[in-house]
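Read through the structure below, which is laid out as structure tokens, and then see the notes.
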Amino acid sequence: MRVLVAEDFEVLARSIGTGLRREGMAVDVVLDGAAALDRLAVTRYDVLILDRDLPGVHGDDICRRLAHERSPTRVLMLTASGTIEDRVEGLGLGADDYLPKPFAFAELVARVRALGRRATPPVPPTLAWGDITLDPARRVASRDGRRLALSPREFALLECLLAVPGVVISAEELLERVWDEAADPFSSAVKHTMHRLRAKLGDPPVIETVREGGYRIGPS
């Protein structure tokens, strides 16, 4: 899942980014509204965590623009005000969810995951292919009943492949979906992470490399 955090309080913004990355998400962080619009113009995000009172371009204006453009990015609006009137107004602007500060991080993660599911085509709550199963909510993957000790990146790669069995996904798309803006587009990060994932999955091999195409799990 690709997430953009737009929050002007830098300590909070970085904290949210770090926490969501530990949950296996690819996260970019910006500190003002103009930077948020710049990122949204060039990157497809599943979820935008949007502070309502951003400097530069106000969060309300960003929300209105995304709604007008019918953007598939889901918006979780954050605000220091938690009155019913403010929540209704925020949702009326086009936000998909509304979370007042302060908030419990576990609730933030749950809401982001729920919005992420709405931003993509529906998939079963548990993904499976052959003897491989993956539970995105519980962050558990196993093969033939054996739990796999996967890193967040390895887990995210396997989740991307299992969500569309038989479909070839390019390395470029995997890099965009699993890594964040710090990733070098010319690096071999996908190749190396895929190598480790295959080793942990064991035999028989299930991930196929399609020449000049990318990777897929299961037959075409």
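Every chain in the structure tokens takes a letter, A first, then B, and so on in the order presented; its residues are numbered from 1, and the ligands are numbered from 1 following the presented order.
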Next item on the list: Name all residues at most 10 Å from Leu161 of chain A (count only C-alpha atoms; drop same-chain ones fewer than 2 positions away) and give them as a PyMOL selection string.
Entry: chain A and resi 127+129+156-159+163-169+174+207+215-218
Next item on the list: Within segment 17-142 of chain A, find each residue whose DSSP state, derived from the backbone, is strand (DSSP E), and express the selection as a count of residues only.
Entry: 30
Check: atom CA of Gly33 of chain A and atom CA of Arg153 of chain A are how many Å apart?
Finding: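 Those two atoms sit 28.7 Å apart.
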Notebook entry, point to check: Could you name the residues that touch Ala41 of chain A at 12 Å or less, counting only C-alpha atoms, but leaving out those on the same chain fewer than 3 positions away, as a list in words?
Noted result: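 In the requested format, the answer is Leu4, Ala34, Ala35, Ala36, Leu37, Asp38, Arg44, Tyr45, Ile62, Arg65, Leu66, Glu69, Ser71 and Thr73 of chain A.
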Let's have the selection written as a tab-separated table (two decimals), in the first residue's frame, with C-alpha atoms.
chain	number	residue	atom	x	y	z
A	4	LEU	CA	1.20	9.99	1.56
A	34	ALA	CA	1.88	22.60	-2.07
A	35	ALA	CA	4.27	19.69	-1.65
A	36	ALA	CA	1.31	17.35	-1.16
A	37	LEU	CA	-0.23	18.44	-4.47
A	38	ASP	CA	3.11	18.00	-6.22
A	44	ARG	CA	-0.62	7.09	-7.38
A	45	TYR	CA	-1.32	6.84	-3.65
A	62	ILE	CA	-6.65	19.66	-1.40
A	65	ARG	CA	-9.50	19.19	-5.65
A	66	LEU	CA	-9.21	15.43	-5.25
A	69	GLU	CA	-10.84	15.19	-10.09
A	71	SER	CA	-9.15	10.78	-7.64
A	73	THR	CA	-6.84	8.20	-3.56
Checklist line | Residue with smallest distance to Ala104 of chain A - pool A:Leu50, A:Leu40, A:Ile16, A:Val178, counting only C-alpha atoms | finding: A:Ile16
Notebook entry, point to check: With only C-alpha atoms as the basis for distance, which of A:Leu54, A:Cys63, A:Leu148, A:Val27 is at the shortest distance from Ala199 of chain A?
Noted result: A:Leu148
Checklist line | Contacts of Leu197 of chain A within 8 Å, only C-alpha atoms, excl. fewer than 2 positions in-chain, as a PyMOL selection string | finding: chain A and resi 150+154+158+193-195+199-201
Notebook entry, point to check: Hey, which of A:Ser188, A:Thr209, A:Thr133, A:Thr79 ends up closest to Ile49 of chain A? Count only C-alpha atoms.
Noted result: A:Thr79
Note to self: Here is a test: counting only C-alpha atoms, which residue of A:Leu20, A:Ala67, A:Leu99, A:Leu108 is nearest to Asp51 of chain A?
What the structure shows: A:Leu99
Check: Looking at only C-alpha atoms, which of A:Arg139, A:Arg74, A:Lys101, A:Arg147 is the one that sits closest to Asp46 of chain A?
Finding: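 The answer is A:Arg74, which sits nearest to Asp46 of chain A.
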